[in-house]
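Novice: Hey, dropping coords-v2.txt in here, compact mmCIF, C-alpha atoms:
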```
# COMPACT_ATOMS: atom_id res chain seq x y z
CA ARG N 1092 -44.92 74.17 32.14
CA LEU N 1093 -48.72 74.19 32.57
CA GLN N 1094 -49.25 75.06 28.93
CA LYS N 1095 -46.97 72.23 27.84
CA LEU N 1096 -48.75 69.79 30.16
CA LYS N 1097 -52.11 70.91 28.79
CA GLU N 1098 -51.00 70.36 25.18
CA MET N 1099 -49.66 66.88 25.99
CA PHE N 1100 -52.90 66.06 27.82
CA ILE N 1101 -55.01 67.05 24.80
CA SER N 1102 -52.88 65.00 22.43
CA LYS N 1103 -53.04 62.01 24.81
CA PHE N 1104 -56.72 62.04 25.83
CA GLY N 1105 -58.37 64.12 23.08
CA SER N 1106 -59.82 66.78 25.40
CA ALA N 1107 -58.56 69.45 27.80
CA PRO N 1108 -57.94 68.93 31.53
CA LYS N 1109 -60.53 70.44 33.89
CA PHE N 1110 -58.11 71.17 36.74
CA TYR N 1111 -54.52 70.73 37.96
CA VAL N 1112 -53.10 69.67 41.30
CA ARG N 1113 -49.55 70.17 42.57
CA ALA N 1114 -47.82 68.78 45.65
CA PRO N 1115 -44.23 69.68 46.56
CA GLY N 1116 -41.30 67.51 47.59
CA ARG N 1117 -39.56 68.33 50.84
CA VAL N 1118 -36.19 68.52 52.48
CA ASN N 1119 -35.88 67.63 56.13
CA LEU N 1120 -33.50 70.10 57.80
CA ILE N 1121 -33.21 68.05 60.98
CA GLY N 1122 -35.05 65.16 62.64
CA GLU N 1123 -34.24 62.05 60.62
CA HIS N 1124 -36.03 58.75 61.25
CA ILE N 1125 -37.94 60.01 64.27
CA ASP N 1126 -41.40 60.85 62.88
CA TYR N 1127 -42.45 57.19 63.06
CA CYS N 1128 -41.27 57.17 66.68
CA GLY N 1129 -43.75 59.99 67.41
CA TYR N 1130 -41.25 62.86 67.57
CA ALA N 1131 -41.42 66.30 65.95
CA VAL N 1132 -39.42 66.97 62.78
CA LEU N 1133 -38.33 70.14 61.00
CA PRO N 1134 -38.79 70.03 57.21
CA MET N 1135 -39.57 72.59 54.53
CA ALA N 1136 -41.25 72.14 51.16
CA ILE N 1137 -39.01 72.60 48.11
CA GLU N 1138 -39.90 74.19 44.79
CA GLN N 1139 -39.68 70.86 42.93
CA ASP N 1140 -43.06 69.14 42.75
CA ILE N 1141 -45.50 66.66 41.24
CA LEU N 1142 -48.06 68.29 38.94
CA ILE N 1143 -51.10 66.40 37.63
CA ALA N 1144 -53.55 67.52 34.92
CA VAL N 1145 -56.97 65.94 35.45
CA GLU N 1146 -60.23 65.39 33.64
CA PRO N 1147 -63.04 63.59 35.48
CA VAL N 1148 -64.81 61.15 33.10
CA GLU N 1149 -68.11 59.23 32.99
CA THR N 1150 -66.50 55.77 32.78
CA GLN N 1151 -65.37 54.26 36.08
CA VAL N 1152 -61.81 53.94 34.90
CA VAL N 1153 -58.72 55.82 36.00
CA GLN N 1154 -56.19 56.30 33.21
CA LEU N 1155 -52.71 57.40 34.25
CA ALA N 1156 -49.99 58.70 31.97
CA ASN N 1157 -46.63 60.31 32.69
CA THR N 1158 -44.70 62.97 30.76
CA ASN N 1159 -41.58 60.88 31.44
CA SER N 1160 -41.55 58.00 28.96
CA LEU N 1161 -39.70 55.78 31.46
CA TYR N 1162 -42.97 55.51 33.40
CA LEU N 1163 -45.50 53.41 31.53
CA ASP N 1164 -49.21 54.21 31.14
CA PHE N 1165 -51.59 52.45 33.49
CA SER N 1166 -55.34 52.07 33.74
CA SER N 1167 -57.62 50.42 36.27
CA SER N 1168 -61.27 50.25 37.26
CA VAL N 1169 -61.80 52.71 40.12
CA ASN N 1170 -63.95 50.11 41.85
CA ASN N 1171 -61.22 47.50 42.03
CA ILE N 1172 -57.95 49.06 43.16
CA GLN N 1173 -55.12 46.53 43.45
CA ILE N 1174 -51.82 47.77 44.93
CA ASN N 1175 -48.84 45.52 44.41
CA LYS N 1176 -46.50 45.69 47.43
CA THR N 1177 -43.79 43.58 45.84
CA LYS N 1178 -43.02 46.00 43.00
CA PRO N 1179 -43.14 49.69 43.91
CA GLN N 1180 -44.11 51.06 40.47
CA TRP N 1181 -45.03 54.73 40.04
CA HIS N 1182 -48.77 54.17 39.53
CA ASN N 1183 -49.06 52.29 42.85
CA TYR N 1184 -48.33 55.54 44.71
CA PHE N 1185 -51.14 57.25 42.81
CA LEU N 1186 -53.45 54.34 43.68
CA CYS N 1187 -52.58 54.76 47.39
CA GLY N 1188 -53.89 58.33 47.41
CA LEU N 1189 -56.95 57.33 45.38
CA LYS N 1190 -57.79 54.41 47.64
CA GLY N 1191 -57.24 56.45 50.82
CA ILE N 1192 -59.86 59.04 49.80
CA GLN N 1193 -62.28 56.39 48.50
CA GLU N 1194 -62.13 54.49 51.77
CA HIS N 1195 -62.39 57.61 53.92
CA PHE N 1196 -65.67 58.63 52.28
CA GLY N 1197 -66.85 55.07 51.53
CA LEU N 1198 -67.28 56.05 47.86
CA ASN N 1199 -69.21 53.26 46.09
CA ASN N 1200 -69.18 54.75 42.63
CA PRO N 1201 -66.12 56.98 42.49
CA THR N 1202 -65.57 59.21 39.47
CA GLY N 1203 -63.30 57.92 36.71
CA MET N 1204 -60.38 60.17 35.69
CA ASN N 1205 -57.84 60.81 32.99
CA CYS N 1206 -54.60 62.03 34.56
CA LEU N 1207 -51.29 63.18 33.13
CA LEU N 1208 -48.45 63.54 35.60
CA ASP N 1209 -45.31 65.66 35.39
CA GLY N 1210 -42.67 65.53 38.14
CA THR N 1211 -39.60 67.66 38.81
CA ILE N 1212 -38.53 65.94 42.07
CA PRO N 1213 -35.59 63.60 41.38
CA PRO N 1214 -36.96 60.07 42.07
CA SER N 1215 -35.55 57.93 44.91
CA SER N 1216 -33.47 60.89 46.10
CA GLY N 1217 -34.86 61.27 49.63
CA LEU N 1218 -36.85 64.38 48.66
CA SER N 1219 -40.22 62.64 48.98
CA SER N 1220 -41.23 62.20 45.36
CA SER N 1221 -43.36 59.18 46.27
CA SER N 1222 -45.20 60.90 49.14
CA ALA N 1223 -45.77 63.98 46.96
CA LEU N 1224 -47.39 61.67 44.41
CA VAL N 1225 -49.60 60.05 47.07
CA CYS N 1226 -50.66 63.52 48.32
CA CYS N 1227 -51.27 64.79 44.80
CA ALA N 1228 -53.42 61.73 44.01
CA GLY N 1229 -55.39 62.16 47.23
CA LEU N 1230 -56.15 65.78 46.36
CA VAL N 1231 -57.00 64.86 42.74
CA THR N 1232 -59.51 62.21 43.94
CA LEU N 1233 -61.00 64.57 46.51
CA ARG N 1234 -61.58 67.30 43.91
CA ALA N 1235 -62.84 64.96 41.16
CA ASN N 1236 -65.45 63.53 43.55
CA GLY N 1237 -66.58 66.95 44.82
CA LYS N 1238 -65.51 66.34 48.43
CA THR N 1239 -63.69 68.58 50.89
CA LEU N 1240 -61.30 67.96 53.79
CA SER N 1241 -58.94 70.11 55.86
CA LYS N 1242 -55.21 70.00 55.08
CA VAL N 1243 -54.58 68.17 58.35
CA GLU N 1244 -57.19 65.51 57.52
CA LEU N 1245 -55.72 65.09 54.04
CA ALA N 1246 -52.21 64.69 55.46
CA GLU N 1247 -53.40 62.05 57.93
CA ILE N 1248 -55.30 60.07 55.25
CA CYS N 1249 -52.34 60.18 52.84
CA THR N 1250 -49.94 59.07 55.59
CA LYS N 1251 -52.07 56.00 56.29
CA SER N 1252 -52.73 55.23 52.65
CA GLU N 1253 -49.03 55.27 51.66
CA ARG N 1254 -48.71 52.17 53.84
CA TYR N 1255 -50.59 50.26 51.12
CA VAL N 1256 -47.24 50.01 49.29
CA GLY N 1257 -45.67 48.57 52.42
CA THR N 1258 -43.72 51.59 53.75
CA GLU N 1259 -44.24 52.07 57.50
CA GLY N 1260 -43.73 55.85 57.34
CA GLY N 1261 -44.38 58.33 60.09
CA GLY N 1262 -46.19 61.20 58.40
CA MET N 1263 -43.62 63.97 58.01
CA ASP N 1264 -43.60 63.90 54.19
CA GLN N 1265 -47.36 64.07 53.75
CA SER N 1266 -47.75 66.71 56.47
CA ILE N 1267 -45.26 69.16 55.02
CA SER N 1268 -46.60 68.54 51.51
CA PHE N 1269 -50.01 69.87 52.62
CA LEU N 1270 -49.13 72.26 55.45
CA ALA N 1271 -46.09 74.05 53.98
CA GLU N 1272 -46.15 77.81 53.49
CA GLU N 1273 -43.84 79.89 51.37
CA GLY N 1274 -40.88 81.44 53.21
CA THR N 1275 -40.97 79.32 56.36
CA ALA N 1276 -39.85 75.88 57.48
CA LYS N 1277 -42.21 74.04 59.85
CA LEU N 1278 -41.90 72.21 63.14
CA ILE N 1279 -44.30 69.31 62.59
CA GLU N 1280 -45.64 67.53 65.65
CA PHE N 1281 -47.78 64.40 65.67
CA SER N 1282 -50.83 63.11 67.55
CA PRO N 1283 -52.44 65.53 67.15
CA LEU N 1284 -50.86 66.72 63.92
CA ARG N 1285 -49.86 70.39 64.00
CA ALA N 1286 -47.37 72.65 62.24
CA THR N 1287 -45.58 75.70 63.67
CA ASP N 1288 -43.64 78.23 61.58
CA VAL N 1289 -39.85 78.21 61.96
CA ARG N 1290 -38.10 81.27 60.52
CA LEU N 1291 -34.71 80.30 59.17
CA PRO N 1292 -31.78 82.73 59.57
CA SER N 1293 -31.45 85.18 56.69
CA GLY N 1294 -27.69 84.90 56.15
CA ALA N 1295 -27.70 81.27 55.01
CA ALA N 1296 -28.95 79.24 52.07
CA PHE N 1297 -29.92 75.58 52.15
CA VAL N 1298 -28.37 73.57 49.34
CA ILE N 1299 -29.51 70.13 48.25
CA ALA N 1300 -26.97 67.82 46.61
CA ASN N 1301 -27.99 64.47 45.17
CA SER N 1302 -25.51 61.62 45.73
CA CYS N 1303 -26.99 59.97 42.59
CA VAL N 1304 -27.42 56.74 44.53
CA GLU N 1305 -31.09 55.86 44.28
CA MET N 1306 -32.90 54.56 47.34
CA ASN N 1307 -36.52 53.43 47.16
CA LYS N 1308 -37.77 52.79 50.69
CA ALA N 1309 -40.57 50.50 49.53
CA ALA N 1310 -38.15 48.35 47.51
CA THR N 1311 -35.75 47.52 50.36
CA SER N 1312 -36.19 46.35 53.92
CA HIS N 1313 -33.57 48.72 55.50
CA TYR N 1314 -36.24 51.27 56.33
CA ASN N 1315 -38.80 48.90 57.83
CA ILE N 1316 -36.10 47.09 59.84
CA ARG N 1317 -35.28 50.44 61.52
CA VAL N 1318 -38.98 50.98 62.28
CA MET N 1319 -39.09 47.53 63.93
CA GLU N 1320 -35.85 48.10 65.85
CA CYS N 1321 -37.37 51.25 67.35
CA ARG N 1322 -40.59 49.40 68.15
CA LEU N 1323 -38.67 46.58 69.87
CA ALA N 1324 -36.51 49.09 71.78
CA ALA N 1325 -39.71 50.77 73.03
CA LYS N 1326 -41.04 47.40 74.24
CA LEU N 1327 -37.83 46.39 76.05
CA LEU N 1328 -37.46 49.81 77.68
CA SER N 1329 -41.12 49.72 78.81
CA LYS N 1330 -40.80 46.21 80.23
CA SER N 1331 -37.69 47.15 82.21
CA LYS N 1332 -39.62 50.06 83.76
CA GLY N 1333 -42.68 47.98 84.63
CA LEU N 1334 -44.93 49.58 82.00
CA ASP N 1335 -47.50 47.71 79.90
CA TRP N 1336 -45.05 46.95 77.07
CA LYS N 1337 -47.69 45.33 74.86
CA LYS N 1338 -49.33 48.72 74.33
CA MET N 1339 -46.04 50.49 73.55
CA LEU N 1340 -45.33 50.96 69.86
CA ARG N 1341 -43.17 54.07 69.72
CA LEU N 1342 -40.18 55.39 71.61
CA CYS N 1343 -42.04 58.61 72.43
CA ASP N 1344 -44.77 56.58 74.21
CA VAL N 1345 -42.18 55.37 76.70
CA GLN N 1346 -40.96 58.90 77.43
CA ILE N 1347 -44.53 60.22 77.84
CA LYS N 1348 -45.53 57.34 80.12
CA LEU N 1349 -42.44 57.77 82.31
CA GLY N 1350 -42.83 61.56 82.34
CA VAL N 1351 -39.09 62.20 81.93
CA SER N 1352 -36.95 64.40 79.67
CA LEU N 1353 -35.17 63.28 76.49
CA GLU N 1354 -31.85 63.53 78.35
CA GLU N 1355 -33.18 61.18 81.04
CA MET N 1356 -34.38 58.77 78.33
CA LEU N 1357 -30.80 58.64 76.99
CA THR N 1358 -29.59 57.66 80.47
CA ILE N 1359 -32.27 54.94 80.67
CA VAL N 1360 -31.14 53.60 77.26
CA GLU N 1361 -27.59 53.34 78.63
CA GLU N 1362 -28.81 51.47 81.73
CA VAL N 1363 -31.26 49.08 80.07
CA LEU N 1364 -30.04 48.22 76.56
CA HIS N 1365 -26.67 46.75 75.52
CA PRO N 1366 -24.75 47.90 72.44
CA GLU N 1367 -24.37 44.36 71.04
CA PRO N 1368 -27.12 43.33 68.59
CA TYR N 1369 -30.08 41.44 70.09
CA SER N 1370 -30.99 38.08 68.60
CA THR N 1371 -34.66 37.22 68.13
CA GLU N 1372 -34.22 34.58 70.88
CA GLU N 1373 -32.94 37.19 73.34
CA ILE N 1374 -35.80 39.57 72.51
CA CYS N 1375 -38.34 36.77 73.06
CA LYS N 1376 -36.68 35.91 76.37
CA CYS N 1377 -36.71 39.57 77.54
CA LEU N 1378 -40.40 39.92 76.68
CA GLY N 1379 -41.40 36.40 77.75
CA ILE N 1380 -42.97 35.53 74.39
CA SER N 1381 -42.48 32.86 71.71
CA LEU N 1382 -40.82 33.47 68.34
CA GLU N 1383 -44.23 32.88 66.77
CA GLU N 1384 -45.75 35.69 68.89
CA LEU N 1385 -42.86 38.02 68.03
CA ARG N 1386 -43.41 37.46 64.32
CA SER N 1387 -47.18 37.57 64.28
CA GLN N 1388 -47.78 40.34 66.83
CA ILE N 1389 -44.80 42.70 66.58
CA LEU N 1390 -42.77 42.37 63.37
CA SER N 1391 -43.96 43.67 59.99
CA PRO N 1392 -44.34 41.15 57.10
CA ASN N 1393 -41.06 42.17 55.43
CA THR N 1394 -38.96 41.91 58.62
CA GLN N 1395 -39.99 38.36 59.60
CA ASP N 1396 -36.67 36.84 58.54
CA VAL N 1397 -34.37 39.32 60.29
CA SER N 1398 -32.37 37.48 62.95
CA THR N 1399 -30.64 40.34 64.84
CA PHE N 1400 -31.71 43.84 65.83
CA LYS N 1401 -29.67 46.81 67.09
CA LEU N 1402 -31.84 48.39 69.77
CA TYR N 1403 -29.38 50.47 71.80
CA GLN N 1404 -28.01 52.36 68.78
CA ARG N 1405 -31.44 53.08 67.28
CA ALA N 1406 -32.97 54.32 70.55
CA LYS N 1407 -29.93 56.47 71.22
CA HIS N 1408 -30.22 58.11 67.81
CA VAL N 1409 -33.96 58.76 68.18
CA TYR N 1410 -33.85 60.39 71.62
CA SER N 1411 -30.79 62.52 70.80
CA GLU N 1412 -32.18 63.54 67.38
CA ALA N 1413 -35.55 64.50 68.95
CA ALA N 1414 -33.63 66.80 71.33
CA ARG N 1415 -31.68 68.34 68.40
CA VAL N 1416 -34.95 69.22 66.62
CA LEU N 1417 -36.21 71.17 69.64
CA GLU N 1418 -32.85 72.89 70.03
CA PHE N 1419 -32.84 73.83 66.31
CA LYS N 1420 -36.26 75.49 66.65
CA LYS N 1421 -35.21 77.29 69.82
CA ILE N 1422 -32.16 78.78 68.08
CA CYS N 1423 -34.29 79.91 65.11
CA ASP N 1424 -36.82 81.50 67.48
CA ASN N 1425 -34.22 83.31 69.61
CA ALA N 1426 -32.00 84.23 66.63
CA PRO N 1427 -28.70 84.78 68.52
CA ALA N 1428 -25.80 86.40 66.64
CA ASN N 1429 -24.12 83.00 66.12
CA ALA N 1430 -27.34 81.22 65.07
CA ILE N 1431 -25.91 79.91 61.78
CA GLN N 1432 -22.90 78.40 63.59
CA LEU N 1433 -25.12 76.72 66.21
CA LEU N 1434 -27.58 75.32 63.64
CA GLY N 1435 -24.67 74.03 61.55
CA GLU N 1436 -23.29 72.15 64.57
CA LEU N 1437 -26.69 70.51 65.15
CA MET N 1438 -26.88 69.42 61.51
CA ASN N 1439 -23.38 67.93 61.77
CA GLN N 1440 -24.26 66.06 64.97
CA SER N 1441 -27.41 64.75 63.30
CA TYR N 1442 -25.37 63.43 60.38
CA ILE N 1443 -22.86 61.67 62.66
CA SER N 1444 -25.70 60.03 64.58
CA CYS N 1445 -27.38 58.92 61.32
CA ARG N 1446 -24.09 57.45 60.13
CA GLU N 1447 -22.87 55.83 63.37
CA MET N 1448 -25.99 55.03 65.38
CA TYR N 1449 -28.67 54.61 62.74
CA GLU N 1450 -26.35 53.33 59.99
CA CYS N 1451 -28.43 54.89 57.22
CA SER N 1452 -25.63 56.60 55.32
CA CYS N 1453 -23.55 55.16 52.45
CA PRO N 1454 -20.01 55.84 51.10
CA GLU N 1455 -21.26 58.32 48.47
CA LEU N 1456 -23.26 60.33 51.02
CA ASP N 1457 -20.26 60.35 53.36
CA ARG N 1458 -18.07 61.65 50.56
CA LEU N 1459 -20.60 64.29 49.58
CA VAL N 1460 -21.03 65.58 53.16
CA HIS N 1461 -17.22 65.77 53.46
CA ILE N 1462 -16.96 67.76 50.18
CA CYS N 1463 -19.75 70.15 51.23
CA LEU N 1464 -18.07 70.89 54.57
CA GLN N 1465 -14.71 71.27 52.84
CA PHE N 1466 -16.08 73.97 50.53
CA GLY N 1467 -17.76 76.19 53.10
CA ALA N 1468 -20.95 74.55 54.40
CA ILE N 1469 -21.42 75.33 58.10
CA GLY N 1470 -23.51 72.18 58.52
CA SER N 1471 -24.20 69.25 56.21
CA ARG N 1472 -26.17 66.04 56.62
CA LEU N 1473 -28.03 63.34 54.75
CA THR N 1474 -31.74 64.01 54.34
CA GLY N 1475 -34.58 61.58 53.73
CA ALA N 1476 -34.35 57.89 54.57
CA GLY N 1477 -30.65 57.71 53.65
CA TRP N 1478 -28.72 54.82 52.06
CA GLY N 1479 -28.50 57.11 49.04
CA GLY N 1480 -30.45 60.18 48.00
CA CYS N 1481 -29.47 63.70 49.01
CA THR N 1482 -27.56 65.81 51.47
CA VAL N 1483 -28.73 69.19 52.73
CA SER N 1484 -26.11 71.80 53.62
CA MET N 1485 -26.36 75.21 55.25
CA VAL N 1486 -24.12 77.65 53.39
CA PRO N 1487 -23.52 81.36 54.17
CA THR N 1488 -25.20 83.31 51.35
CA ASP N 1489 -22.01 85.19 50.45
CA LYS N 1490 -20.21 81.89 49.81
CA LEU N 1491 -23.02 80.26 47.84
CA ASP N 1492 -21.69 80.72 44.29
CA THR N 1493 -18.18 79.41 44.99
CA PHE N 1494 -19.67 76.57 47.06
CA LEU N 1495 -21.90 75.43 44.17
CA LYS N 1496 -19.04 75.68 41.68
CA ASN N 1497 -16.60 73.69 43.84
CA VAL N 1498 -19.04 70.93 44.82
CA LYS N 1499 -20.09 70.55 41.20
CA LYS N 1500 -16.50 70.22 40.07
CA THR N 1501 -15.42 67.88 42.87
CA TYR N 1502 -18.34 65.50 43.23
CA TYR N 1503 -20.17 65.49 39.92
CA GLN N 1504 -17.59 66.01 37.23
CA THR N 1505 -15.41 63.14 38.39
CA ASP N 1506 -18.33 60.79 38.05
CA VAL N 1507 -19.87 59.88 34.70
CA GLN N 1508 -23.25 59.09 36.24
CA GLY N 1509 -23.12 62.40 38.04
CA LEU N 1510 -22.55 64.27 34.79
CA ALA N 1511 -25.73 62.86 33.35
CA VAL N 1512 -27.87 64.14 36.18
CA GLU N 1513 -25.91 67.05 37.62
CA ASN N 1514 -28.28 69.65 36.21
CA ASN N 1515 -30.95 68.46 38.60
CA SER N 1516 -28.54 67.36 41.30
CA LEU N 1517 -27.31 70.48 43.03
CA PHE N 1518 -29.50 73.45 43.89
CA ALA N 1519 -30.16 76.02 46.58
CA THR N 1520 -33.76 76.03 47.74
CA LYS N 1521 -36.10 78.27 49.71
CA PRO N 1522 -39.11 77.09 51.73
CA GLY N 1523 -41.93 76.62 49.20
CA ARG N 1524 -45.69 76.39 49.56
CA GLY N 1525 -47.84 73.31 50.06
CA ALA N 1526 -50.20 71.33 47.84
CA LEU N 1527 -52.91 73.15 45.91
CA VAL N 1528 -55.57 72.80 43.21
CA PHE N 1529 -55.94 75.28 40.39
CA VAL N 1530 -58.45 75.59 37.59
CA GLU N 1531 -58.10 77.57 34.40
CA ALA N 1532 -60.07 80.81 34.50
```
Could you render the structure as C-alpha cells?

Specialist:
Amino acid sequence: RLQKLKEMFISKFGSAPKFYVRAPGRVNLIGEHIDYCGYAVLPMAIEQDILIAVEPVETQVVQLANTNSLYLDFSSSVNNIQINKTKPQWHNYFLCGLKGIQEHFGLNNPTGMNCLLDGTIPPSSGLSSSSALVCCAGLVTLRANGKTLSKVELAEICTKSERYVGTEGGGMDQSISFLAEEGTAKLIEFSPLRATDVRLPSGAAFVIANSCVEMNKAATSHYNIRVMECRLAAKLLSKSKGLDWKKMLRLCDVQIKLGVSLEEMLTIVEEVLHPEPYSTEEICKCLGISLEELRSQILSPNTQDVSTFKLYQRAKHVYSEAARVLEFKKICDNAPANAIQLLGELMNQSYISCREMYECSCPELDRLVHICLQFGAIGSRLTGAGWGGCTVSMVPTDKLDTFLKNVKKTYYQTDVQGLAVENNSLFATKPGRGALVFVEA
C-alpha cells in the first residue's frame, strides 16, 4: 500500500514524499454519547486507517489530493485557512488539524506541503474517519514544521480543532487515535486526559458490521442537539440542587459537585426531570432567563431553532451508560468465568438505552443488531454517533466463521446497496495501534 501511495504521489507532484503519517479509526465497545458529558469511554483502535504521504515545500501552499477520485483536489495558502462549517467536505477536516497545530504554536510562516491521502475507514460509518483525518493532519503539520508534542497534547489539540467544522465532540475519537496500543482496548478518562489498558477476554472476537446508512455528524443537527440536551439537563439538575447552574456545562460536573454515585444521580434525574419534552419557554422559566439569553449563552449556533428538548431521557442514558463503562472494565479486569456473557449483557443494555433513551438508532441498525444476535453474537450494539453507521458485536471465536457467513447472507445480500459495499462492511477486528509517523530508510 505504501509503495502504491508513493508511486501515485510521484506521478501527482513530480517528486517523492519525505514521510508518511497514519492514524487509525476506532470502534467504541461501550460508552456512547458520554464523552462530551465528561464521562470515561471504552474504545479500541481498528486496523483501518487514514494514511498520508507528505512532502514539505518552499511555497506557503498546502496541496491536498486523495487516492479516491470522489474526493476532489484542494489547495490553500497556509497563512489563510478558511474552514466552511456549512459543507463538511473532506479537506475541511485536514484543515482543522493544520489550523489546530498552527494556532497552538502561533506559527506565522508555516511550511507549505504536498499531501496525498489514502483512507481505508468506511466514511460516515461511525468508525471515526473524520477524526482520524483531523489527527493525521495535526501530526503531518507538527512533523513538517519540526515541532514536537506528547500524544496527550496532540489528542487535546485535535479534539478542540475538530470543532472548527461545527461538531461539538467530546474527545474520545482523537484520544484513542493517538493513545491506542496494539492488543488492548483503552478506558479513556477526561480532564485530565488519561488512558488505561483494558484486556479483552480471549474467547471472543469483536465484529463490525456497517448498516450502509451514512451519517455525517457535521452535516446534521441530531448530534449537536443531543449535546445541548445534556447541557440543559445539567443546568436544570444543578439549579434544583442549589448549585451555580451557570457554571455547569456537563452532566459529570453535577455529579462531582454533589459528590454522589451514578446510581444516586439516576434517582435525582427521576425526582427532578419529567419524561415529557421541555419547551424552550419551560426551560427559560426553570432557569429564570429570557429566550434571548438561552440562545446566546447556552445553545450552539445550529440548535437555535430547536423548540423542544428531551432532558430526562438524555440524562438517564448518560448516567446509566457511564456506570456500564465502569462495570465493563471491572469485568475485564477480574476476568470471571462468565465474563463474555456479562460483557454481552452490558453491550445489549447499552444498545437499548441508545435506541430508547437517546434515540440515536435507525431501522437499519435495529435490524442489523437483531440479525447479529440471532446468529450467535453474545452482545451487539450501535457504535459511533448512531443514526446510521456500524454495529459492534461480541462473538465467541468458535462461532465466528458461521456468524460472518450468516450475517453476510441475511443483511447484505438482500440489499443491492449492501452488495456494492459488503466487502468493506463486515469484519472482525483486533485492537490496533495508534497514530505514527514513518520515514523511508

Novice: Restricting the calculation to all atoms listed in the file: of N:Phe1165, N:Tyr1502, N:Phe1494, N:Tyr1410, which residue gets closest to Phe1185 of chain N?

Specialist: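 Closest to Phe1185 of chain N, using all atoms listed in the file: N:Phe1165.
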
Novice: Between atom CA of Leu1224 of chain N and atom CA of Leu1096 of chain N, what distance in Å does the model show, to one decimal?

Specialist: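 According to the coordinates, atom CA of Leu1224 of chain N and atom CA of Leu1096 of chain N are separated by 16.5 Å.
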
Novice: Calculate how many Å separate atom CA of Tyr1442 of chain N from atom CA of Glu1273 of chain N, rounding to one decimal.

Specialist: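 The value is 26.3 Å.
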
Novice: Quick one: everything within 9 Å of Lys1097 of chain N, counting all atoms listed in the file, minus sequence neighbours fewer than 6 positions away in the same chain. Send it as a PDB file with C-alpha atoms, in the frame of the given file.

Specialist:
```
ATOM      1  CA  ALA N1107     -58.560  69.450  27.800  1.00  0.00           C
ATOM      2  CA  PRO N1108     -57.940  68.930  31.530  1.00  0.00           C
ATOM      3  CA  ALA N1144     -53.550  67.520  34.920  1.00  0.00           C
ATOM      4  CA  LEU N1207     -51.290  63.180  33.130  1.00  0.00           C
TER       5      LEU N1207
END
```

Novice: Using all atoms listed in the file, pick whichever of N:Leu1093, N:Cys1249, N:Leu1327, N:Leu1133 has the shortest atom-to-atom distance to Leu1189 of chain N.

Specialist: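 Nearest candidate to Leu1189 of chain N out of N:Leu1093, N:Cys1249, N:Leu1327, N:Leu1133: N:Cys1249.
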
Novice: Tell me which of N:Ser1387, N:Thr1239, N:Ser1268, N:Asn1439 sits closest to Val1225 of chain N, counting all atoms listed in the file.

Specialist: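 Of N:Ser1387, N:Thr1239, N:Ser1268, N:Asn1439, the one nearest Val1225 of chain N, counting all atoms listed in the file, is N:Ser1268.
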
Novice: Please return, as number ranges by chain, all polymer residues that have at least one atom within 7 Å of the point (-47.7, 76.7, 52.5); use only C-alpha atoms and the file's own coordinate frame.

Specialist: N: 1270-1273, 1523-1525

Novice: Kindly export the residues of the current selection with C-alpha atoms, as a PDB file, keeping the file's coordinate frame.

Specialist:
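Output file selection-v2.pdb follows:
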```pdb
ATOM      1  CA  LEU N1270     -49.130  72.260  55.450  1.00  0.00           C
ATOM      2  CA  ALA N1271     -46.090  74.050  53.980  1.00  0.00           C
ATOM      3  CA  GLU N1272     -46.150  77.810  53.490  1.00  0.00           C
ATOM      4  CA  GLU N1273     -43.840  79.890  51.370  1.00  0.00           C
ATOM      5  CA  GLY N1523     -41.930  76.620  49.200  1.00  0.00           C
ATOM      6  CA  ARG N1524     -45.690  76.390  49.560  1.00  0.00           C
ATOM      7  CA  GLY N1525     -47.840  73.310  50.060  1.00  0.00           C
TER       8      GLY N1525
END
```

Novice: Any idea what the distance is between atom CA of Lys1277 of chain N and atom CA of Phe1466 of chain N?

Specialist: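 Computing the Euclidean distance for atom CA of Lys1277 of chain N and atom CA of Phe1466 of chain N yields 27.7 Å.
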
Novice: Give me the residues within 7 Å of Ala1413 of chain N as a PyMOL selection string, counting all atoms listed in the file and dropping any in the same chain fewer than 6 places off.

Specialist: chain N and resi 1122+1125+1130-1131

Novice: Set the distance at 10 Å and use all atoms listed in the file: which residues neighbour Gln1395 of chain N once local chain neighbours fewer than 6 positions away are removed? I'd like the list as a PyMOL selection string.

Specialist: chain N and resi 1316+1383+1385-1387+1389

Novice: Just the residues within 10 Å of Ile1374 of chain N, please, counting only C-alpha atoms, with nothing from its chain fewer than 6 positions along; format it as a list in words.

Specialist: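 With the cut-off at 10 Å, the set is Leu1323, Ala1324, Lys1326, Leu1327, Ile1380, Ser1381, Leu1382, Leu1385, Thr1399 and Phe1400 of chain N.
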
Novice: Which neighbours of segment 1350-1356 of chain N fall inside 9 Å, counting all atoms listed in the file, when residues of the same chain fewer than 5 positions from it are skipped, and could you give them as a PyMOL selection string?

Specialist: chain N and resi 1345+1361+1407+1410-1411+1413-1414

Novice: Go through N:Val1318, N:Ile1299, N:Val1145, N:Ile1174 and flag the residue nearest Leu1495 of chain N, using all atoms listed in the file for the distances.

Specialist: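 Smallest distance to Leu1495 of chain N is found for N:Ile1299.
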
Novice: Compare N:Gln1139, N:Asn1301, N:Ser1221, N:Thr1520 by their minimum atom-to-atom distance to Asn1183 of chain N, counting all atoms listed in the file, and give me the closest one.

Specialist: N:Ser1221

Novice: For each of N:Cys1377, N:Gly1116, N:Tyr1503, N:Ile1101, take the minimum atom-to-atom distance to Ile1212 of chain N, counting all atoms listed in the file, then give the residue where this is smallest.

Specialist: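 Among the listed residues, N:Gly1116 lies closest to Ile1212 of chain N.
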
Novice: For the point (-23.5, 62.2, 67.9) in file coordinates, what residues are within 12 Å, counting only C-alpha atoms? Give the answer as number ranges by chain?

Specialist: N: 1404, 1407-1412, 1414-1415, 1436-1449
